[in-house]
Every structure is written in structure tokens, then in C-alpha cells.
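Coordinates from upload.csv are shown below (CSV, C-alpha atoms).
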chain,number,residue,atom,x,y,z
W,734,MET,CA,-19.4,-21.5,0.4
W,735,PRO,CA,-17.3,-18.4,1.5
W,736,CYS,CA,-13.6,-18.8,0.8
W,737,ASN,CA,-10.8,-18.7,3.4
W,738,LYS,CA,-10.6,-15.0,3.0
W,739,TYR,CA,-13.8,-14.6,4.9
W,740,THR,CA,-13.7,-17.5,7.4
W,741,TYR,CA,-10.0,-17.2,8.4
W,742,GLY,CA,-10.8,-15.1,11.4
W,743,ASN,CA,-12.9,-18.0,13.0
W,744,SER,CA,-9.7,-20.0,13.6
W,745,GLU,CA,-8.7,-21.0,17.1
W,746,GLN,CA,-5.1,-20.1,16.1
W,747,PHE,CA,-4.0,-17.8,13.4
W,748,ASN,CA,-1.4,-19.0,10.9
W,749,VAL,CA,0.3,-15.9,9.5
W,750,GLU,CA,3.2,-15.4,7.1
W,751,ARG,CA,6.0,-13.5,8.9
W,752,SER,CA,8.6,-11.7,6.7
W,753,PHE,CA,11.8,-10.3,8.1
W,754,PHE,CA,15.3,-9.3,7.1
W,755,GLU,CA,18.2,-11.7,7.6
W,756,GLU,CA,21.7,-11.1,6.1
W,757,GLY,CA,20.2,-8.4,3.9
W,758,GLN,CA,17.5,-10.6,2.4
W,759,LEU,CA,13.8,-10.6,3.0
W,760,LYS,CA,12.8,-14.1,4.3
W,761,SER,CA,9.5,-15.6,5.3
W,762,GLU,CA,8.3,-18.3,7.7
W,763,ALA,CA,5.0,-19.5,9.2
W,764,LEU,CA,4.0,-18.0,12.5
W,765,TRP,CA,1.1,-19.2,14.8
W,766,LEU,CA,-0.7,-16.7,16.9
W,767,GLU,CA,-3.0,-17.7,19.8
W,768,ARG,CA,-6.5,-16.4,19.8
W,769,PRO,CA,-6.9,-14.0,22.7
W,770,SER,CA,-10.0,-13.3,24.8
W,771,ILE,CA,-11.0,-10.4,27.0
W,772,VAL,CA,-12.9,-10.0,30.3
W,773,HIS,CA,-16.3,-8.5,29.9
W,774,ASN,CA,-16.0,-6.3,33.0
W,775,ASN,CA,-12.8,-4.8,31.6
W,776,TYR,CA,-14.7,-3.9,28.4
W,777,LEU,CA,-17.5,-2.3,30.5
W,778,ALA,CA,-14.9,-0.3,32.5
W,779,ALA,CA,-13.3,0.9,29.2
W,780,LEU,CA,-16.7,2.1,28.0
W,781,ASP,CA,-17.1,4.1,31.2
W,782,ASP,CA,-13.6,5.6,30.8
W,783,ILE,CA,-14.3,6.6,27.2
W,784,ASN,CA,-17.5,8.3,28.2
W,785,GLY,CA,-15.9,10.2,31.0
W,786,THR,CA,-12.7,11.3,29.1
W,787,TYR,CA,-14.1,12.1,25.6
W,788,GLY,CA,-13.0,15.6,24.6
W,789,VAL,CA,-10.2,17.4,22.9
W,790,ILE,CA,-6.5,18.2,23.6
W,791,GLN,CA,-5.0,21.5,22.4
W,792,ASP,CA,-1.7,22.6,21.0
W,793,PRO,CA,-0.5,25.5,23.1
W,794,ILE,CA,1.2,27.2,20.1
W,795,THR,CA,-1.2,26.9,17.2
W,796,GLU,CA,-4.3,26.3,19.3
W,797,LYS,CA,-5.3,23.4,17.0
W,798,VAL,CA,-7.3,20.7,18.8
W,799,PHE,CA,-7.5,17.0,18.5
W,800,GLU,CA,-10.4,14.8,19.6
W,801,VAL,CA,-9.5,12.1,22.0
W,802,GLY,CA,-11.0,9.4,24.3
W,803,LEU,CA,-9.0,7.4,27.0
W,804,ALA,CA,-9.6,3.9,28.2
W,805,ASN,CA,-7.9,1.8,30.9
W,806,GLN,CA,-7.4,4.8,33.2
W,807,GLY,CA,-6.7,2.6,36.2
W,808,SER,CA,-3.8,0.8,34.5
W,809,THR,CA,-0.2,1.7,35.3
W,810,TRP,CA,1.2,4.7,33.4
W,811,SER,CA,4.8,4.1,34.3
W,812,HIS,CA,5.7,2.7,30.9
W,813,GLY,CA,3.7,5.3,28.9
W,814,ILE,CA,0.4,4.7,27.1
W,815,ASP,CA,-0.8,3.2,23.8
W,816,ALA,CA,-2.4,5.5,21.2
W,817,GLU,CA,-4.6,4.6,18.3
W,818,ILE,CA,-5.1,6.9,15.4
W,819,SER,CA,-8.6,6.7,13.8
W,820,PRO,CA,-8.8,5.5,10.1
W,821,LEU,CA,-10.4,7.5,7.3
W,822,THR,CA,-13.6,9.3,8.5
W,823,THR,CA,-14.3,7.5,11.8
W,824,SER,CA,-14.4,9.4,15.1
W,825,LEU,CA,-16.0,9.2,18.5
W,826,SER,CA,-18.1,12.3,17.9
W,827,GLY,CA,-19.3,11.4,14.5
W,828,HIS,CA,-19.6,7.7,15.1
W,829,PRO,CA,-20.2,6.8,18.8
W,830,ARG,CA,-20.3,3.1,17.8
W,831,VAL,CA,-16.5,3.5,17.3
W,832,ALA,CA,-16.3,3.5,21.1
W,833,LEU,CA,-17.4,-0.2,21.2
W,834,GLU,CA,-14.5,-1.4,19.1
W,835,PHE,CA,-12.1,0.9,20.9
W,836,ALA,CA,-13.3,-0.3,24.3
W,837,ALA,CA,-12.8,-4.0,23.2
W,838,HIS,CA,-9.3,-3.3,21.8
W,839,SER,CA,-8.4,-1.6,25.1
W,840,ALA,CA,-9.7,-4.5,27.2
W,841,ALA,CA,-7.3,-6.8,25.3
W,842,HIS,CA,-4.3,-4.8,26.8
W,843,ASP,CA,-3.2,-3.8,30.3
W,844,ARG,CA,-2.1,-0.2,29.5
W,845,PRO,CA,-3.9,3.1,29.2
W,846,ARG,CA,-5.0,3.6,25.6
W,847,LEU,CA,-5.9,6.8,23.8
W,848,LEU,CA,-8.0,7.1,20.6
W,849,ILE,CA,-7.1,10.2,18.5
W,850,ALA,CA,-9.2,11.4,15.6
W,851,ARG,CA,-6.8,12.1,12.7
W,852,PRO,CA,-6.7,15.7,11.4
W,853,GLY,CA,-9.9,16.9,9.7
W,854,VAL,CA,-12.0,14.1,11.2
W,855,GLY,CA,-14.4,14.4,14.1
W,856,ASN,CA,-13.6,17.4,16.3
W,857,SER,CA,-9.9,17.4,15.3
W,858,SER,CA,-8.5,20.5,13.5
W,859,ASP,CA,-8.0,20.0,9.8
W,860,TRP,CA,-4.8,20.2,7.8
W,861,ASP,CA,-3.8,23.7,6.7
W,862,LYS,CA,-4.6,24.4,3.0
W,863,VAL,CA,-1.0,24.2,2.0
W,864,GLU,CA,-0.7,20.8,3.7
W,865,ARG,CA,-3.8,19.5,1.9
W,866,VAL,CA,-2.3,20.6,-1.5
W,867,TYR,CA,1.0,18.9,-0.6
W,868,LEU,CA,-0.7,15.7,0.5
W,869,GLN,CA,-2.8,15.5,-2.6
W,870,CYS,CA,0.3,16.0,-4.8
W,871,TYR,CA,2.8,13.7,-3.1
W,872,GLY,CA,1.0,11.4,-0.5
W,873,ARG,CA,3.7,12.2,2.1
W,874,PHE,CA,3.2,13.2,5.7
W,875,THR,CA,6.7,14.6,6.1
W,876,TYR,CA,8.4,17.3,4.1
W,877,GLU,CA,12.1,17.0,3.7
W,878,ASP,CA,11.8,14.2,6.3
W,879,GLN,CA,10.3,16.7,8.8
W,880,PRO,CA,6.7,16.1,10.0
W,881,LEU,CA,3.9,18.3,8.6
W,882,PRO,CA,3.0,21.2,10.9
W,883,THR,CA,-0.3,19.8,12.0
W,884,LEU,CA,1.4,16.6,13.1
W,885,GLN,CA,3.9,18.7,15.1
W,886,ALA,CA,0.8,20.4,16.7
W,887,MET,CA,-0.6,17.0,17.6
W,888,ALA,CA,2.6,16.0,19.2
W,889,ARG,CA,2.7,19.2,21.3
W,890,ALA,CA,-0.9,18.7,22.3
W,891,LEU,CA,-0.2,15.2,23.5
W,892,LYS,CA,2.8,16.5,25.5
W,893,ALA,CA,0.9,19.4,27.0
W,894,SER,CA,-1.8,17.0,28.1
W,895,ASP,CA,0.8,14.7,29.8
W,896,TYR,CA,0.1,11.8,27.5
W,897,LEU,CA,3.4,10.0,27.1
W,898,VAL,CA,2.7,7.8,24.1
W,899,THR,CA,5.2,4.9,23.7
W,900,ARG,CA,3.2,2.5,21.5
W,901,LEU,CA,1.2,3.3,18.4
W,902,VAL,CA,-1.4,1.4,16.5
W,903,ALA,CA,-3.4,2.3,13.4
W,904,SER,CA,-4.9,1.0,10.2
W,905,SER,CA,-5.4,2.4,6.7
W,906,ALA,CA,-5.2,6.3,6.7
W,907,GLY,CA,-4.4,6.3,10.4
W,908,ALA,CA,-1.2,4.2,9.6
W,909,ALA,CA,0.0,6.9,7.2
W,910,VAL,CA,-0.6,9.6,9.9
W,911,VAL,CA,1.3,7.4,12.5
W,912,THR,CA,4.6,7.5,10.5
W,913,GLY,CA,4.4,11.3,10.3
W,914,LEU,CA,3.6,11.5,14.0
W,915,MET,CA,6.5,9.3,14.9
W,916,SER,CA,8.8,12.0,13.4
W,917,ALA,CA,7.1,14.7,15.5
W,918,LEU,CA,7.3,13.0,18.9
W,919,ASP,CA,10.4,13.3,21.1
W,920,LYS,CA,13.3,11.3,19.8
W,921,ASN,CA,13.3,7.6,20.7
W,922,GLN,CA,9.9,8.0,22.6
W,923,ILE,CA,8.2,5.2,20.6
W,924,THR,CA,9.1,1.5,21.5
W,925,HIS,CA,6.5,-0.2,19.2
W,926,ALA,CA,4.2,0.5,16.3
W,927,CYS,CA,1.6,-1.8,14.8
W,928,LEU,CA,0.3,-0.7,11.4
W,929,LYS,CA,-2.3,-2.4,9.3
W,930,SER,CA,-3.0,-1.7,5.6
W,931,ARG,CA,-0.6,1.2,5.3
W,932,PRO,CA,-1.6,3.1,2.1
W,933,ASN,CA,0.7,4.9,-0.4
W,934,ILE,CA,2.4,1.7,-1.4
W,935,SER,CA,0.8,1.0,-4.8
W,936,ASN,CA,0.2,3.7,-7.3
W,937,HIS,CA,-3.4,4.2,-8.6
W,938,PRO,CA,-3.4,6.6,-11.6
W,939,LEU,CA,-7.2,7.0,-11.5
W,940,PRO,CA,-7.7,7.9,-7.8
W,941,TYR,CA,-11.4,8.5,-7.8
W,942,ALA,CA,-12.2,5.4,-9.8
W,943,TRP,CA,-9.9,3.4,-7.5
W,944,ALA,CA,-11.5,4.8,-4.3
W,945,GLU,CA,-15.0,4.1,-5.7
W,946,THR,CA,-14.2,0.5,-6.5
W,947,MET,CA,-12.5,0.0,-3.1
W,948,ALA,CA,-15.5,1.4,-1.2
W,949,ALA,CA,-18.0,-0.7,-3.1
W,950,GLY,CA,-15.9,-3.9,-2.7
W,951,ASP,CA,-15.3,-3.2,1.0
W,952,TYR,CA,-19.1,-2.7,1.5
W,953,ILE,CA,-19.8,-6.1,0.0
W,954,ASP,CA,-16.9,-7.8,1.9
W,955,LYS,CA,-18.1,-6.4,5.2
W,956,LYS,CA,-21.6,-7.8,4.8
W,957,ILE,CA,-20.1,-11.2,4.1
W,958,TYR,CA,-17.6,-11.0,7.0
W,959,LEU,CA,-20.3,-10.1,9.4
W,960,GLN,CA,-22.5,-12.9,8.2
W,961,VAL,CA,-19.9,-15.7,8.6
W,962,SER,CA,-17.9,-14.3,11.6
W,963,ASP,CA,-18.2,-16.4,14.8
W,964,ASP,CA,-16.3,-13.8,16.8
W,965,PRO,CA,-18.4,-12.9,19.9
W,966,TRP,CA,-17.0,-9.4,19.9
W,967,LYS,CA,-17.9,-8.4,16.4
W,968,ARG,CA,-20.0,-5.3,16.4
W,969,THR,CA,-23.8,-6.0,16.3
W,970,ASP,CA,-27.0,-4.0,16.9
W,971,GLN,CA,-27.4,-5.8,20.2
W,972,MET,CA,-23.9,-4.8,21.3
W,973,ARG,CA,-24.6,-1.2,20.4
W,974,ALA,CA,-27.9,-1.1,22.3
W,975,GLU,CA,-26.2,-2.6,25.4
W,976,ALA,CA,-23.4,-0.1,25.3
W,977,LYS,CA,-25.5,3.1,24.7
W,978,PRO,CA,-26.4,3.6,28.4
W,979,SER,CA,-22.7,3.6,29.2
W,980,LEU,CA,-22.0,6.3,26.6
W,981,ASN,CA,-24.6,8.9,27.5
W,982,ASN,CA,-22.0,11.7,27.5
W,983,LEU,CA,-20.7,10.7,24.1
W,984,TYR,CA,-24.1,10.3,22.5
W,985,ALA,CA,-25.3,13.6,24.0
W,986,HIS,CA,-22.4,15.5,22.4
W,987,GLY,CA,-22.2,13.6,19.1
W,988,THR,CA,-22.7,16.2,16.4
W,989,PRO,CA,-24.7,15.3,13.3
W,990,LYS,CA,-23.1,18.4,11.6
W,991,ARG,CA,-19.6,17.0,12.3
W,992,PHE,CA,-20.7,13.6,11.1
W,993,ARG,CA,-21.8,15.1,7.7
W,994,LYS,CA,-18.5,17.0,7.6
W,995,ASP,CA,-16.6,13.7,8.0
W,996,HIS,CA,-18.4,12.3,5.0
W,997,ALA,CA,-18.3,15.4,2.8
W,998,LEU,CA,-17.4,14.8,-0.8
W,999,ASN,CA,-14.4,17.1,-0.7
W,1000,ARG,CA,-12.9,15.1,2.3
W,1001,LEU,CA,-13.3,11.8,0.5
W,1002,LEU,CA,-11.9,13.2,-2.8
W,1003,THR,CA,-8.9,14.6,-0.9
W,1004,ASP,CA,-8.2,11.3,0.7
W,1005,ALA,CA,-8.6,9.5,-2.6
W,1006,LYS,CA,-5.9,11.6,-4.2
W,1007,THR,CA,-3.6,11.5,-1.1
W,1008,PHE,CA,-3.7,7.8,-0.7
W,1009,SER,CA,-3.5,6.9,-4.4
W,1010,HIS,CA,0.2,7.9,-4.7
W,1011,GLY,CA,2.7,5.1,-4.3
W,1012,SER,CA,5.6,3.0,-5.7
W,1013,LEU,CA,8.8,4.2,-7.5
W,1014,GLU,CA,7.0,6.5,-10.0
W,1015,LYS,CA,5.7,8.6,-7.1
W,1016,ALA,CA,9.1,8.4,-5.2
W,1017,ASP,CA,8.0,5.8,-2.7
W,1018,PRO,CA,6.1,8.1,-0.3
W,1019,ALA,CA,5.2,5.3,2.2
W,1020,ALA,CA,8.8,4.0,2.4
W,1021,ARG,CA,10.3,7.4,2.8
W,1022,ASP,CA,7.9,8.5,5.5
W,1023,THR,CA,8.6,5.2,7.3
W,1024,VAL,CA,12.3,5.6,7.1
W,1025,ALA,CA,12.0,9.1,8.4
W,1026,ALA,CA,10.0,7.8,11.3
W,1027,LEU,CA,12.5,5.1,12.2
W,1028,GLU,CA,15.4,7.5,11.9
W,1029,HIS,CA,13.8,9.5,14.6
W,1030,GLN,CA,12.6,6.5,16.6
W,1031,GLN,CA,15.6,4.3,16.4
W,1032,GLU,CA,14.5,1.9,19.1
W,1033,ALA,CA,11.0,1.4,17.7
W,1034,MET,CA,9.9,-2.1,16.7
W,1035,MET,CA,7.5,-1.7,13.7
W,1036,THR,CA,5.1,-4.5,12.7
W,1037,LEU,CA,3.3,-4.1,9.4
W,1038,HIS,CA,0.1,-6.1,8.8
W,1039,PHE,CA,-1.1,-6.7,5.2
W,1040,PRO,CA,-4.2,-8.8,4.4
W,1041,TYR,CA,-3.6,-10.6,1.1
W,1042,GLN,CA,-6.9,-9.4,-0.6
W,1043,ASP,CA,-6.7,-5.7,0.5
W,1044,ARG,CA,-7.7,-3.5,-2.4
W,1045,LEU,CA,-5.2,-0.8,-1.3
W,1046,TYR,CA,-2.6,-2.7,-3.2
W,1047,SER,CA,-2.3,-3.5,-6.9
W,1048,ASN,CA,-0.5,-6.7,-6.3
W,1049,PRO,CA,1.6,-8.6,-3.6
W,1050,GLU,CA,4.9,-7.5,-5.3
W,1051,ASP,CA,4.2,-3.9,-4.3
W,1052,ILE,CA,4.2,-4.9,-0.6
W,1053,LYS,CA,7.5,-6.8,-1.0
W,1054,ARG,CA,9.0,-3.9,-2.8
W,1055,PHE,CA,7.8,-1.4,-0.1
W,1056,VAL,CA,9.5,-3.5,2.6
W,1057,ASN,CA,12.7,-3.8,0.7
W,1058,GLN,CA,12.7,0.0,0.1
W,1059,ILE,CA,12.4,0.6,3.9
W,1060,TYR,CA,15.4,-1.6,4.5
W,1061,PHE,CA,17.6,-0.3,1.7
W,1062,LEU,CA,16.7,3.4,2.1
W,1063,GLY,CA,17.0,3.0,5.9
W,1064,LYS,CA,20.5,1.5,5.7
W,1065,SER,CA,21.6,4.5,3.7
W,1066,VAL,CA,20.0,7.1,5.9
W,1067,THR,CA,20.1,5.7,9.4
W,1068,ASN,CA,21.4,2.7,11.3
W,1069,LEU,CA,18.2,0.7,10.7
W,1070,ALA,CA,18.5,-2.6,12.6
W,1071,ALA,CA,17.5,-5.7,10.6
W,1072,ASP,CA,14.9,-6.8,13.2
W,1073,GLN,CA,13.3,-3.4,13.5
W,1074,VAL,CA,10.7,-4.0,10.8
W,1075,GLU,CA,8.6,-7.2,10.4
W,1076,VAL,CA,5.7,-8.0,8.1
W,1077,LEU,CA,2.7,-10.2,8.9
W,1078,GLN,CA,0.4,-11.3,6.1
W,1079,THR,CA,-2.9,-13.0,6.5
W,1080,PRO,CA,-6.0,-13.9,4.4
W,1081,GLY,CA,-8.7,-11.3,4.5
W,1082,GLY,CA,-9.5,-7.9,3.1
W,1083,HIS,CA,-9.4,-4.3,4.1
W,1084,VAL,CA,-12.4,-4.5,6.5
W,1085,SER,CA,-11.7,-7.9,7.9
W,1086,LEU,CA,-10.4,-6.9,11.4
W,1087,SER,CA,-13.6,-5.0,12.3
W,1088,CYS,CA,-15.5,-8.2,11.9
W,1089,TYR,CA,-12.8,-10.3,13.6
W,1090,PRO,CA,-11.6,-8.4,16.7
W,1091,ALA,CA,-9.7,-11.4,18.1
W,1092,LEU,CA,-7.4,-11.4,15.0
W,1093,SER,CA,-6.6,-7.8,15.6
W,1094,TRP,CA,-5.8,-8.4,19.3
W,1095,ALA,CA,-3.6,-11.3,18.4
W,1096,ILE,CA,-1.5,-9.3,15.9
W,1097,GLU,CA,-1.2,-6.4,18.3
W,1098,ARG,CA,-0.1,-8.6,21.2
W,1099,TYR,CA,2.6,-10.1,19.0
W,1100,ALA,CA,3.7,-6.7,17.7
W,1101,PHE,CA,3.8,-5.1,21.2
W,1102,HIS,CA,5.9,-7.9,22.7
W,1103,ARG,CA,8.6,-8.3,20.1

Please express what this file holds, its structure, as C-alpha cells.
Amino acid sequence: MPCNKYTYGNSEQFNVERSFFEEGQLKSEALWLERPSIVHNNYLAALDDINGTYGVIQDPITEKVFEVGLANQGSTWSHGIDAEISPLTTSLSGHPRVALEFAAHSAAHDRPRLLIARPGVGNSSDWDKVERVYLQCYGRFTYEDQPLPTLQAMARALKASDYLVTRLVASSAGAAVVTGLMSALDKNQITHACLKSRPNISNHPLPYAWAETMAAGDYIDKKIYLQVSDDPWKRTDQMRAEAKPSLNNLYAHGTPKRFRKDHALNRLLTDAKTFSHGSLEKADPAARDTVAALEHQQEAMMTLHFPYQDRLYSNPEDIKRFVNQIYFLGKSVTNLAADQVEVLQTPGGHVSLSCYPALSWAIERYAFHR
């Protein structure tokens, strides 16, 4: 019988462990989140939006481009838009099925939502060579607390395209990119950020072995999650077949060459080295990037989601130490408010949310309404 790690997402309500700072101490309590639902017609409308808006935005200075797709075009823009940074190697052009998850996530909210392929993925411009070397050496997306040049280019491209991003969401590699991007956007532009499975917290001295073990474990996990999941919005072959007619533009322009580039060995090896750095012995890259982000976005409410069985982390103590470092480094650098950062921990692994969309929606709704 599958353990709670796999079946947790079938719950009608989600019992999560919420951690927060109070009087300088990290405290925890139980929190119940309601299981959201979405309207099917809103999902179909989001698919149409993505199909019609898929393309790239360009930085007017460096001419770097970033692949994007927009959903919920008809929603109000007066409070800005939500933006999601793609994780690891996924992109709309290389993986049109990504549009299904993105459309469902968008239908769970009532604001315009932009999906951005992270640098080097899909049709997004890659990091410069010097940036790649720096990332592999240090695992940081800021240098001397300033965002890397490619993230500055992304911020300028968003501004040039009139995309006023005020809420950010990402998981895994995308979460690391988000903290760098927060430092590149206009000061105090961001109101909320929801980040799952932020890497660069634990240190993995054998990065390639760690990455191989993680990939194999996640592959096995995903097969089990998909088998036991009762979530009607989990991605299935039938769901892909039904959506394909609505994504004719996306499928027509999907590029097998780009798909292969996304999965090229050098890309995976670069990511393995970049995201293997963490903890005190590597100068706390995740905590320092997060503090730099919050110093620049002093009104942002950041919610960090960590599944208990995520292989990104060596042990739960690494997560606790990371959060404490954010608070104590933040107090010495900026006026970090005690309630600015919260942590939600749940059963599950690295790939659990793709098989349990409702859990993802519940966490985002909580994070965006703090």
C-alpha cells in the first residue's frame, strides 16, 4: 500500500506544517488548506490564450529574448500580473504539454498569468559564458547582491513588453531564478512570491551522482503518484489529446531541435553543478540570494514550500537552517519583517505537485493572499 507520501494529495483538505518567525524564533503550527477547484471553461479559455500569445519578448539593450505564453488575458490588469518561471528543462516550445498544466494553474486564479522559460531553456537566450562559470562555481544568481546580467535583461524585456509582474511563482530551478529576478525588477514591484523546492540549500559534494540519483528516484515516484492520484486535473494522455486542437499554433512551432537542446548533456551537467552548492560550506547561496531579493522587494510576502521527501535536500535540518539564515542575514542587511517569510511543509516528493494540481493551487492561493 503506498504511504502517505503518495496519497496525501487525494485529501479533501490539506494539513500542512506552517513555520514562521515570532520574537526571533522559528515556530511551527498546523494549517489547514481547502482543496480548490477550477471551472473547465476557464481552463479552455486559458489554452486559447496560450496558443495565441506564445512567442518571445526581447531586451532592448542586449537583444536577448525570453520565451513566454500568457493566459487569462481578459482578467483585470490593474493590480499587475502573475508570472511563473519554468523549472529545469521544461518549456512551451520544447514540451507543448506544459501548456496543459499552465492553463490549469491559470484557471485557478483570476489574474493574467505569464509563463517564462528560464534562461537557456526553450527559445529563451542562454546565460553568458562567464555567468555559466559563475553559476557552476557558486550556485548564486546574484553577484555582490546584484542580479546576473541575463536576469537584468529579462527584467528589461518584461518592462519593454508592458508586463508589470507583481506576483511570482516557481519550483525547483525556477525558484532559484525567481530570487535573482526579484533583485532585477523595479524596487518594491513584487507583492508576493510562492517558491517550491528551492535548490542550493543542501550541499552535494558529488553533483553528478546526486543528480542521477534524484532523476531516477523522481522518475519512479512520478509513476507511483500518477497511479494513485485521484486528482481529476492530473496530466493524462486523454487530457493531452483533448487539448491538442486548441494548441495548433504551439504544436506547429514546437521545435524538436530546441527540445534536444533542452535535454543536451551539457545543460544537465551545468544544472547539476549549479544546484549542488548549498549550506554554510558554500556560503549559503540560497539564503544570500533570498535576502538580496527581499532587500530589494521590501514589501514582498514570500512563501517557501518544501515537500518532506524531496531529494533536493540532505535532511530536514538543512531547511530549518536555511530559513534561520534568511532571517538572521536579513536582519543584518535590511529591515526584514518577521512575517515576510513563511514556510509550508507537506508530505510528498519533488514531482508530487504535477500529479496533484489541486495541492499546488491551494498553496498558491494561501501564499498570494497572506

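Once W:Ser858 and its same-chain neighbours fewer than 5 positions away are set aside, Lys797, Val798, Phe799, Pro852 and Gly853 of chain W remain within 8 Å of it when counting all atoms listed in the file.
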
Open item on the list: Counting all atoms listed in the file, I want the residues whose atoms come within 12 Å of (3.6, 14.2, 25.9) in the file frame, returned as an MDAnalysis selection string.
Closed with: chainID W and resid 790:792 813:814 816 885:899 917:920 922:923

Produce the centre coordinates and the three edge lengths, each in Å to one decimal, of the box along x, y and z that contains all listed atoms of stretch 922-925 of chain W with 4 Å added on each side, as AutoDock Vina command-line options.
--center_x 8.2 --center_y 3.9 --center_z 20.9 --size_x 11.4 --size_y 16.2 --size_z 11.4

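Distance annotation: of W:His937, W:Lys862, W:Lys738, W:Arg768, the residue with the minimal separation from W:Asp964 is W:Arg768; atom set is all atoms listed in the file.
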
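If you measure from each of W:Glu1097, W:Asp1017, W:Asp861, W:Glu834 to W:Ile1052 using only C-alpha atoms, the closest one turns out to be W:Asp1017.
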
Open item on the list: Can you measure atom CA of W:Ala1100 to atom CA of W:Leu1037 for me? One decimal in Å is fine.
Closed with: 8.7 Å
